[in-house]
$ cat query.cif   # mmCIF, C-alpha atoms and all ligand atoms
data_protein
loop_
_atom_site.label_atom_id
_atom_site.label_comp_id
_atom_site.auth_asym_id
_atom_site.auth_seq_id
_atom_site.Cartn_x
_atom_site.Cartn_y
_atom_site.Cartn_z
CA SER I 1 -22.69 -1.97 -7.88
CA ARG I 2 -20.70 0.20 -10.22
CA ARG I 3 -20.32 3.85 -9.24
CA ASN I 4 -20.56 6.65 -11.81
CA VAL I 5 -17.59 8.99 -11.42
CA LEU I 6 -17.35 12.36 -13.17
CA ILE I 7 -13.86 13.90 -13.24
CA THR I 8 -13.00 17.36 -14.61
CA GLY I 9 -9.72 18.38 -16.28
CA CYS I 10 -8.76 14.91 -17.63
CA SER I 11 -6.57 15.94 -20.58
CA SER I 12 -3.44 15.90 -18.39
CA GLY I 13 -1.92 15.49 -14.93
CA ILE I 14 -3.87 14.26 -11.91
CA GLY I 15 -7.21 14.14 -13.76
CA LEU I 16 -5.80 11.94 -16.51
CA ALA I 17 -3.97 9.63 -14.07
CA LEU I 18 -7.07 9.27 -11.88
CA ALA I 19 -9.42 8.61 -14.82
CA VAL I 20 -7.11 5.88 -16.16
CA LYS I 21 -6.55 4.20 -12.78
CA MET I 22 -10.28 4.12 -12.03
CA ALA I 23 -11.18 2.87 -15.51
CA LYS I 24 -8.62 0.08 -15.17
CA ASP I 25 -9.84 -1.02 -11.72
CA GLU I 26 -9.63 -4.81 -11.67
CA GLU I 27 -12.92 -5.17 -9.83
CA ARG I 28 -14.59 -2.78 -12.30
CA ARG I 29 -16.12 -0.74 -9.52
CA PHE I 30 -16.32 2.48 -11.51
CA LYS I 31 -17.84 3.91 -14.67
CA VAL I 32 -15.71 6.97 -15.40
CA TYR I 33 -16.95 10.07 -17.21
CA ALA I 34 -13.62 11.70 -17.97
CA THR I 35 -14.27 15.29 -18.99
CA MET I 36 -12.11 17.99 -20.53
CA ARG I 37 -12.55 21.51 -21.83
CA ASN I 38 -11.01 20.80 -25.23
CA LEU I 39 -11.74 17.40 -26.81
CA ALA I 40 -8.89 17.95 -29.30
CA LYS I 41 -6.62 17.04 -26.36
CA LYS I 42 -8.16 13.60 -25.76
CA GLU I 43 -5.47 11.47 -27.41
CA PRO I 44 -3.16 10.90 -24.41
CA LEU I 45 -6.16 9.77 -22.33
CA GLU I 46 -7.47 7.51 -25.12
CA GLU I 47 -4.07 5.95 -25.50
CA ALA I 48 -3.56 5.41 -21.77
CA VAL I 49 -6.98 3.86 -21.22
CA GLY I 50 -6.71 1.54 -24.25
CA ARG I 51 -9.43 -1.08 -24.69
CA ARG I 52 -11.42 0.07 -21.68
CA LEU I 53 -12.47 3.13 -23.75
CA GLY I 54 -16.24 3.06 -24.23
CA LYS I 55 -16.55 0.36 -21.55
CA THR I 56 -15.47 1.64 -18.14
CA LEU I 57 -14.57 5.11 -19.44
CA GLU I 58 -16.26 7.68 -21.67
CA ILE I 59 -14.77 11.02 -22.65
CA LYS I 60 -17.02 14.10 -22.57
CA GLN I 61 -16.63 17.83 -23.08
CA LEU I 62 -16.92 20.04 -19.98
CA ASP I 63 -15.57 23.52 -19.35
CA VAL I 64 -15.89 24.43 -15.66
CA CYS I 65 -16.16 28.10 -16.66
CA ASP I 66 -19.22 27.43 -18.86
CA GLU I 67 -22.53 26.59 -17.13
CA GLN I 68 -24.14 25.35 -20.34
CA SER I 69 -21.34 22.86 -21.03
CA ILE I 70 -21.72 21.46 -17.48
CA LYS I 71 -25.49 21.09 -17.95
CA THR I 72 -25.13 19.41 -21.34
CA CYS I 73 -22.55 16.99 -19.97
CA VAL I 74 -24.58 16.03 -16.88
CA ASN I 75 -27.77 15.63 -18.98
CA SER I 76 -25.94 13.15 -21.23
CA ILE I 77 -25.27 10.79 -18.31
CA PRO I 78 -27.95 8.07 -17.76
CA ASP I 79 -30.46 9.38 -15.17
CA ARG I 80 -27.95 12.23 -14.56
CA ARG I 81 -26.57 9.89 -11.95
CA ILE I 82 -23.17 10.95 -10.59
CA ASP I 83 -22.15 9.02 -7.49
CA VAL I 84 -18.69 10.56 -7.21
CA LEU I 85 -17.77 14.01 -8.48
CA VAL I 86 -14.06 14.77 -8.67
CA SER I 87 -13.50 18.51 -9.09
CA ASN I 88 -9.95 18.58 -10.41
CA ALA I 89 -9.70 21.21 -13.16
CA GLY I 90 -7.53 24.09 -12.05
CA MET I 91 -4.75 26.46 -12.95
CA GLY I 92 -1.84 28.19 -11.25
CA LEU I 93 -0.46 31.73 -11.24
CA ILE I 94 2.83 32.91 -9.76
CA GLY I 95 4.65 36.22 -9.55
CA PRO I 96 4.38 39.65 -7.94
CA ILE I 97 0.78 40.98 -8.00
CA GLU I 98 2.06 44.27 -9.47
CA CYS I 99 2.84 42.32 -12.64
CA GLN I 100 -0.49 40.46 -12.92
CA THR I 101 -3.67 41.95 -14.38
CA ILE I 102 -6.98 41.76 -12.54
CA ASP I 103 -8.30 39.78 -15.53
CA GLU I 104 -5.58 37.13 -15.11
CA MET I 105 -6.42 36.89 -11.42
CA LYS I 106 -10.15 36.63 -12.17
CA THR I 107 -9.50 33.73 -14.55
CA VAL I 108 -7.78 31.84 -11.72
CA MET I 109 -10.69 32.49 -9.32
CA ASP I 110 -13.20 31.67 -12.05
CA THR I 111 -11.56 28.31 -12.80
CA ASN I 112 -10.41 27.14 -9.36
CA PHE I 113 -13.27 28.49 -7.23
CA PHE I 114 -16.33 29.31 -9.35
CA GLY I 115 -15.59 26.19 -11.43
CA LEU I 116 -16.38 24.10 -8.34
CA VAL I 117 -19.42 26.24 -7.48
CA ARG I 118 -20.85 25.80 -11.01
CA LEU I 119 -20.40 22.01 -10.84
CA LEU I 120 -22.13 21.80 -7.49
CA LYS I 121 -25.05 24.01 -8.52
CA GLU I 122 -25.76 21.44 -11.25
CA ILE I 123 -24.92 18.20 -9.41
CA LEU I 124 -25.64 18.79 -5.70
CA PRO I 125 -29.48 18.93 -5.99
CA ASP I 126 -29.54 15.41 -7.54
CA MET I 127 -27.23 14.07 -4.83
CA LYS I 128 -29.39 15.61 -2.11
CA ARG I 129 -32.53 14.08 -3.63
CA ARG I 130 -30.90 10.64 -3.72
CA LYS I 131 -29.30 11.15 -0.31
CA SER I 132 -26.08 9.69 -1.68
CA GLY I 133 -22.96 10.99 -3.29
CA HIS I 134 -19.30 11.80 -2.68
CA ILE I 135 -17.84 15.16 -3.68
CA VAL I 136 -14.06 15.01 -3.96
CA ILE I 137 -12.12 18.22 -4.54
CA ILE I 138 -8.49 18.43 -5.60
CA SER I 139 -7.47 21.35 -3.40
CA SER I 140 -3.83 21.92 -2.37
CA VAL I 141 -1.65 22.45 0.69
CA MET I 142 -1.96 26.04 -0.51
CA GLY I 143 -5.61 25.82 0.53
CA ILE I 144 -4.28 25.71 4.12
CA GLN I 145 -1.16 27.82 3.90
CA GLY I 146 -0.04 30.60 1.58
CA ILE I 147 3.36 30.54 -0.14
CA LEU I 148 5.51 33.39 -1.42
CA PHE I 149 4.43 34.63 -4.90
CA ASN I 150 1.38 32.35 -5.00
CA ASP I 151 -0.97 34.98 -3.54
CA VAL I 152 -3.91 34.64 -5.90
CA TYR I 153 -3.58 30.89 -6.40
CA ALA I 154 -3.56 30.35 -2.62
CA ALA I 155 -6.56 32.69 -2.31
CA SER I 156 -8.46 30.59 -4.86
CA LYS I 157 -7.75 27.38 -2.92
CA PHE I 158 -8.59 29.04 0.43
CA ALA I 159 -11.90 30.04 -1.18
CA VAL I 160 -12.47 26.40 -2.13
CA GLU I 161 -11.68 25.21 1.40
CA GLY I 162 -13.92 27.79 3.13
CA PHE I 163 -16.75 26.99 0.76
CA CYS I 164 -16.38 23.26 1.41
CA GLU I 165 -16.14 23.64 5.20
CA SER I 166 -19.46 25.46 5.15
CA LEU I 167 -21.09 23.02 2.76
CA ALA I 168 -19.83 19.93 4.62
CA ILE I 169 -22.19 20.62 7.51
CA GLN I 170 -25.22 20.68 5.23
CA ALA I 171 -23.93 17.68 3.28
CA LEU I 172 -23.84 15.61 6.46
CA LYS I 173 -27.57 16.20 6.91
CA PHE I 174 -28.15 14.70 3.44
CA LYS I 175 -25.75 11.79 4.10
CA LEU I 176 -23.35 13.11 1.44
CA GLN I 177 -19.58 12.85 1.72
CA LEU I 178 -17.20 15.70 1.01
CA SER I 179 -13.41 15.29 0.81
CA LEU I 180 -10.63 17.77 0.12
CA ILE I 181 -7.47 16.21 -1.33
CA GLU I 182 -4.49 18.43 -0.51
CA PRO I 183 -1.39 17.58 -2.54
CA GLY I 184 1.94 19.33 -2.06
CA PRO I 185 3.99 19.86 -5.22
CA VAL I 186 3.04 17.47 -8.04
CA ILE I 187 5.08 17.08 -11.22
CA THR I 188 2.56 17.74 -14.01
CA GLU I 189 1.87 20.14 -16.88
CA PHE I 190 0.68 22.56 -14.20
CA GLU I 191 4.12 22.96 -12.72
CA ARG I 192 5.72 23.30 -16.18
CA LYS I 193 3.16 25.88 -17.40
CA VAL I 194 3.39 27.93 -14.20
CA PHE I 195 7.19 27.96 -14.34
CA GLU I 196 7.30 28.93 -18.03
CA ASP I 197 4.80 31.75 -17.47
CA GLY I 198 6.91 32.91 -14.53
CA MET I 199 10.07 32.93 -16.67
CA LYS I 200 8.29 34.92 -19.41
CA MET I 201 6.69 37.38 -17.00
CA ASP I 202 7.17 41.10 -17.65
CA LEU I 203 8.56 42.29 -14.32
CA SER I 204 8.87 45.97 -15.27
CA ALA I 205 5.89 46.95 -13.10
CA ALA I 206 7.66 45.64 -9.97
CA ASP I 207 10.42 47.42 -8.04
CA LYS I 208 13.93 46.02 -8.42
CA GLU I 209 13.97 44.27 -5.05
CA THR I 210 10.68 42.43 -5.68
CA ALA I 211 11.67 41.48 -9.24
CA GLU I 212 14.98 40.07 -8.00
CA MET I 213 13.30 38.22 -5.17
CA PHE I 214 11.02 36.54 -7.70
CA THR I 215 13.75 35.69 -10.20
CA ASN I 216 16.73 34.96 -7.96
CA ILE I 217 15.00 33.30 -5.04
CA TYR I 218 11.62 31.96 -6.08
CA LEU I 219 12.22 30.85 -9.67
CA LYS I 220 15.75 29.69 -8.87
CA ASN I 221 14.51 27.26 -6.23
CA TYR I 222 11.30 26.28 -8.02
CA LYS I 223 12.58 23.25 -9.94
CA GLN I 224 14.49 22.00 -6.92
CA ILE I 225 11.39 22.09 -4.72
CA PHE I 226 9.46 20.02 -7.25
CA GLN I 227 12.34 17.61 -7.75
CA SER I 228 12.87 16.96 -4.04
CA LEU I 229 9.32 17.18 -2.68
CA GLY I 230 7.27 16.50 -5.79
CA GLN I 231 4.92 13.56 -6.14
CA SER I 232 3.74 12.02 -9.39
CA ALA I 233 0.18 12.43 -10.66
CA GLU I 234 -0.20 8.65 -10.23
CA GLU I 235 0.64 8.88 -6.52
CA VAL I 236 -1.98 11.59 -6.00
CA ALA I 237 -4.47 9.48 -7.99
CA GLU I 238 -3.78 6.47 -5.71
CA HIS I 239 -4.45 8.57 -2.61
CA THR I 240 -7.65 9.91 -4.17
CA ILE I 241 -8.94 6.40 -4.95
CA LYS I 242 -8.26 5.30 -1.36
CA VAL I 243 -10.27 8.28 -0.11
CA ILE I 244 -13.10 7.43 -2.54
CA LEU I 245 -13.14 3.79 -1.37
CA ALA I 246 -12.80 4.53 2.36
CA GLU I 247 -15.70 3.51 4.59
CA ASN I 248 -15.52 6.86 6.37
CA PRO I 249 -13.76 9.21 3.96
CA PRO I 250 -11.88 12.02 5.74
CA PHE I 251 -12.86 15.65 5.14
CA ARG I 252 -9.20 16.55 4.55
CA HIS I 253 -6.42 14.36 3.22
CA GLN I 254 -2.85 15.53 2.57
CA THR I 255 -1.11 13.29 0.05
CA ASN I 256 2.48 14.26 0.85
CA THR I 257 3.82 13.27 4.28
CA LEU I 258 7.02 15.22 3.61
CA TYR I 259 4.96 18.40 3.54
CA THR I 260 2.85 17.87 6.68
CA PRO I 261 5.47 19.37 9.05
CA MET I 262 4.94 22.68 7.22
CA THR I 263 1.15 22.67 7.41
CA THR I 264 1.28 21.57 11.05
CA LEU I 265 3.01 24.87 11.93
CA LYS I 266 -0.24 26.63 11.16
CA TYR I 267 -2.10 24.81 13.92
CA ALA I 268 0.79 25.04 16.38
CA ASP I 269 0.48 28.83 16.86
CA PRO I 270 -2.91 30.52 17.30
CA ASN I 271 -1.26 33.90 16.55
CA GLY I 272 -0.38 32.63 13.09
CA ASP I 273 3.18 33.99 13.22
CA LEU I 274 5.06 30.70 13.33
CA PRO I 275 4.61 29.52 9.73
CA ILE I 276 5.25 33.04 8.38
CA ASP I 277 8.45 33.31 10.45
CA ILE I 278 9.72 29.94 9.34
CA PHE I 279 8.97 30.58 5.67
CA TYR I 280 10.67 33.98 5.98
CA LYS I 281 13.80 32.47 7.48
CA MET I 282 13.86 29.69 4.94
CA VAL I 283 13.58 32.11 2.06
CA PHE I 284 15.63 35.12 3.16
CA HIS I 285 18.15 34.11 5.78
CA HIS I 286 19.02 30.53 5.28
CA ASP I 287 19.18 29.94 1.61
CA LYS I 288 21.89 27.35 2.22
CA ILE I 289 19.98 25.70 5.04
CA PHE I 290 17.00 25.64 2.72
CA SER I 291 18.95 23.73 0.07
CA ALA I 292 20.39 21.44 2.71
CA SER I 293 16.96 20.65 4.09
CA LEU I 294 15.72 19.91 0.58
CA ASN I 295 18.56 17.42 0.23
CA PHE I 296 17.63 15.90 3.57
CA ILE I 297 14.06 15.60 2.38
CA LYS I 298 15.28 13.80 -0.73
CA LEU I 299 16.94 11.27 1.54
CA LEU I 300 13.80 10.85 3.64
CA ARG I 301 11.76 10.46 0.50
CA TRP I 302 14.00 7.70 -0.70
CA ARG I 303 13.72 5.91 2.65
CA SER I 304 10.06 6.34 3.45
CA ARG I 305 7.57 4.59 1.30
CA LYS I 306 4.16 6.05 0.85
CA SER I 307 2.24 4.15 3.45
CA PHE I 308 -1.00 5.63 4.59
CA ASP I 309 -4.02 4.06 6.15
CA LEU I 310 -7.56 5.23 5.69
CA GLY I 311 -9.20 2.24 7.33
CA LYS I 312 -11.09 -0.49 5.57
CA PRO I 313 -12.30 0.22 2.06
CA SER I 314 -16.09 0.11 1.69
CA GLN I 315 -17.70 -2.38 -0.68
P1 LIG I 401 -2.64 20.04 -15.12
O1 LIG I 401 -2.39 21.38 -15.69
O2 LIG I 401 -1.98 18.89 -15.77
O3 LIG I 401 -4.20 19.74 -15.05
C1 LIG I 401 -5.19 20.70 -14.88
C2 LIG I 401 -6.28 20.41 -15.89
O4 LIG I 401 -7.36 21.32 -15.74
C3 LIG I 401 -5.75 20.57 -17.32
O5 LIG I 401 -6.04 19.41 -18.05
C4 LIG I 401 -6.51 21.78 -17.84
O6 LIG I 401 -6.76 21.72 -19.23
C5 LIG I 401 -7.79 21.68 -17.01
N1 LIG I 401 -8.55 22.92 -17.02
C6 LIG I 401 -8.11 24.19 -16.84
N2 LIG I 401 -9.14 25.05 -16.97
C7 LIG I 401 -10.25 24.32 -17.23
C8 LIG I 401 -11.61 24.62 -17.48
N3 LIG I 401 -12.05 25.88 -17.50
N4 LIG I 401 -12.48 23.59 -17.68
C9 LIG I 401 -12.06 22.32 -17.67
N5 LIG I 401 -10.78 21.97 -17.48
C10 LIG I 401 -9.89 22.96 -17.27
O7 LIG I 401 -2.24 20.12 -13.59
P2 LIG I 401 -2.54 19.17 -12.33
O8 LIG I 401 -1.37 19.32 -11.45
O9 LIG I 401 -2.97 17.81 -12.75
O10 LIG I 401 -3.75 19.96 -11.66
C11 LIG I 401 -4.94 19.35 -11.23
C12 LIG I 401 -5.42 19.95 -9.93
O11 LIG I 401 -4.44 19.70 -8.92
C13 LIG I 401 -5.61 21.47 -9.96
O12 LIG I 401 -6.81 21.81 -9.29
C14 LIG I 401 -4.40 22.00 -9.18
O13 LIG I 401 -4.68 23.23 -8.58
C15 LIG I 401 -4.21 20.89 -8.19
N6 LIG I 401 -2.87 20.83 -7.58
C16 LIG I 401 -1.74 20.75 -8.36
C17 LIG I 401 -0.51 20.74 -7.75
C18 LIG I 401 0.78 20.69 -8.57
O14 LIG I 401 1.83 20.99 -8.02
N7 LIG I 401 0.74 20.30 -9.83
C19 LIG I 401 -0.40 20.79 -6.37
C20 LIG I 401 -1.55 20.85 -5.59
C21 LIG I 401 -2.78 20.87 -6.22
#

$ encode --input "query.cif" --output "structure tokens"
Amino acid sequence: SRRNVLITGCSSGIGLALAVKMAKDEERRFKVYATMRNLAKKEPLEEAVGRRLGKTLEIKQLDVCDEQSIKTCVNSIPDRRIDVLVSNAGMGLIGPIECQTIDEMKTVMDTNFFGLVRLLKEILPDMKRRKSGHIVIISSVMGIQGILFNDVYAASKFAVEGFCESLAIQALKFKLQLSLIEPGPVITEFERKVFEDGMKMDLSAADKETAEMFTNIYLKNYKQIFQSLGQSAEEVAEHTIKVILAENPPFRHQTNTLYTPMTTLKYADPNGDLPIDIFYKMVFHHDKIFSASLNFIKLLRWRSRKSFDLGKPSQ
């Protein structure tokens, strides 16, 4: 039978790609409720989904920072039945914390973390009552490991991961599934917006050394990291669909095999020094080695094709 899927943040990027792929499923296994904060931005989604609009996909307004808009959206769905919730809406923030306001930081936490909490407060009770449902969260490798100048963004994704680890135990009791999708860099609006904001940032509140580190090391390498390691939104959407269709969906799934050596460092050293050391050396001592390894990664990327196995899909 057809599963009702609610996805947040569908006006661009991963949300848009996922909504379109699910709506165009040849076996028509999904009815997609593609939601976005601002319906004025629905055109790219409408265009991409074409004649399936109104059939396997409906567009609805939902702002993850507004409880009432979540309630109104869920109430408009027949029997309020959501079989799969994809919490995707999110935003980034880069730069030295000296140059960010507490309000800017709160907006990131409010969207990335409390956005998920608000969705679950509305949707989880129904799933528990039905003893069925799959909660899929677009987290990030930065939910496992912090990166230079992504302090608050990483904190927001760590919050998401800690919250989900706790909830997963309860969910199991109600036969609910919970999955964290952890992409590495993805080439979307997100990356463009974050970079532009970084370029425009007023760095006067930071000392010279920090400001230079941000401009001459971080921003300088930013585009290159996305170009060499970056996946497309469609690739992340494909991974997400496989997780949704898996018979036993994993709790965590990293979409980018080129990035896993980095996250593995975290588990290799209980003291936690290893990943910090390696990132430090990559950034401050071996700028050339860093570029060389990015080139090597490009080569690997070209050679390795995204093959990943999540077992048999369920019916
Ligand atoms: P994106 O900017 O294209 O998409 C994010 C979407 O969320 C946008 O459509 C935006 O309008 C929406 N959004 C923001 N605030 C909202 C709100 N209050 N209510 C509803 N929608 C809101 O970027 P993306 O890369 O597709 O990001 C999707 C998710 O993937 C995010 O959670 C992001 O943290 C995560 N992610 C992105 C990357 C990357 O490198 N792009 C890497 C790892 C994880």

$ closest_residue --input "query.cif" --among "I:Gln68, I:Ser156, I:Asn75, I:Thr263" --to "I:Arg118" --atoms "all atoms listed in the file"
I:Gln68

$ residues_around --input "query.cif" --residues "I:Phe174" --least-positions-apart "5" --cutoff "8 Å" --atoms "only C-alpha atoms" --output "number ranges by chain"
I: 128, 131-132

$ write_last_selection --input "query.cif" --atoms "C-alpha atoms" --output "PDB file, in the frame of the given file"
ATOM      1  CA  LYS I 128     -29.390  15.610  -2.110  1.00  0.00           C
ATOM      2  CA  LYS I 131     -29.300  11.150  -0.310  1.00  0.00           C
ATOM      3  CA  SER I 132     -26.080   9.690  -1.680  1.00  0.00           C
TER       4      SER I 132
END

$ closest_residue --input "query.cif" --among "I:Thr35, I:Leu45, I:Leu124, I:Gly92" --to "I:Leu167" --atoms "all atoms listed in the file"
I:Leu124

$ closest_residue --input "query.cif" --among "I:Val5, I:Met22, I:Leu85, I:Met142" --to "I:Glu238" --atoms "all atoms listed in the file"
I:Met22

$ residues_near_ligand --input "query.cif" --ligand "ligand LIG 401 (chain I)" --cutoff "8 Å" --atoms "only C-alpha atoms and all ligand atoms" --output "MDAnalysis selection string"
chainID I and resid 8:16 35:38 62:66 87:92 111:112 115 137:142 157 182:191 193 226 230 233

$ atom_distance --input "query.cif" --atom1 "atom CA of I:Phe158" --atom2 "atom CA of I:Ile102"
18.2 Å

$ closest_residue --input "query.cif" --among "I:Thr257, I:Gln170, I:Gln227, I:Asn4" --to "I:Pro78" --atoms "only C-alpha atoms"
I:Asn4

$ atom_distance --input "query.cif" --atom1 "atom CA of I:Lys281" --atom2 "atom CA of I:Asn221"
14.7 Å

$ atom_distance --input "query.cif" --atom1 "atom CA of I:Lys41" --atom2 "atom CA of I:Lys71"
21.1 Å

$ closest_residue --input "query.cif" --among "I:Leu178, I:Ala48, I:Leu116, I:Ile97" --to "I:Asp202" --atoms "all atoms listed in the file"
I:Ile97

$ closest_residue --input "query.cif" --among "I:Ile181, I:Ala155, I:Leu39, I:Leu57" --to "I:Ala23" --atoms "only C-alpha atoms"
I:Leu57

$ residues_around --input "query.cif" --residues "I:Leu172" --least-positions-apart "4" --cutoff "12 Å" --atoms "all atoms listed in the file" --output "short mmCIF file (atom, residue, chain, number, x, y, z; two decimals) with C-alpha atoms, in the frame of the given file"
data_model
loop_
_atom_site.label_atom_id
_atom_site.label_comp_id
_atom_site.auth_asym_id
_atom_site.auth_seq_id
_atom_site.Cartn_x
_atom_site.Cartn_y
_atom_site.Cartn_z
CA MET I 127 -27.23 14.07 -4.83
CA LYS I 128 -29.39 15.61 -2.11
CA LYS I 131 -29.30 11.15 -0.31
CA SER I 132 -26.08 9.69 -1.68
CA GLY I 133 -22.96 10.99 -3.29
CA HIS I 134 -19.30 11.80 -2.68
CA ILE I 135 -17.84 15.16 -3.68
CA CYS I 164 -16.38 23.26 1.41
CA GLU I 165 -16.14 23.64 5.20
CA SER I 166 -19.46 25.46 5.15
CA LEU I 167 -21.09 23.02 2.76
CA ALA I 168 -19.83 19.93 4.62
CA LEU I 176 -23.35 13.11 1.44
CA GLN I 177 -19.58 12.85 1.72
CA LEU I 178 -17.20 15.70 1.01
CA SER I 179 -13.41 15.29 0.81
CA PHE I 251 -12.86 15.65 5.14
#

$ axis_aligned_box --input "query.cif" --around "stretch 224-229 of chain I" --padding-each-side "5 Å" --output "AutoDock Vina command-line options"
--center_x 11.9 --center_y 19.5 --center_z -5.2 --size_x 15.2 --size_y 15.1 --size_z 15.1

$ residues_around --input "query.cif" --residues "I:Thr210" --least-positions-apart "6" --cutoff "10 Å" --atoms "all atoms listed in the file" --output "PyMOL selection string"
chain I and resi 95-96+98+203+216
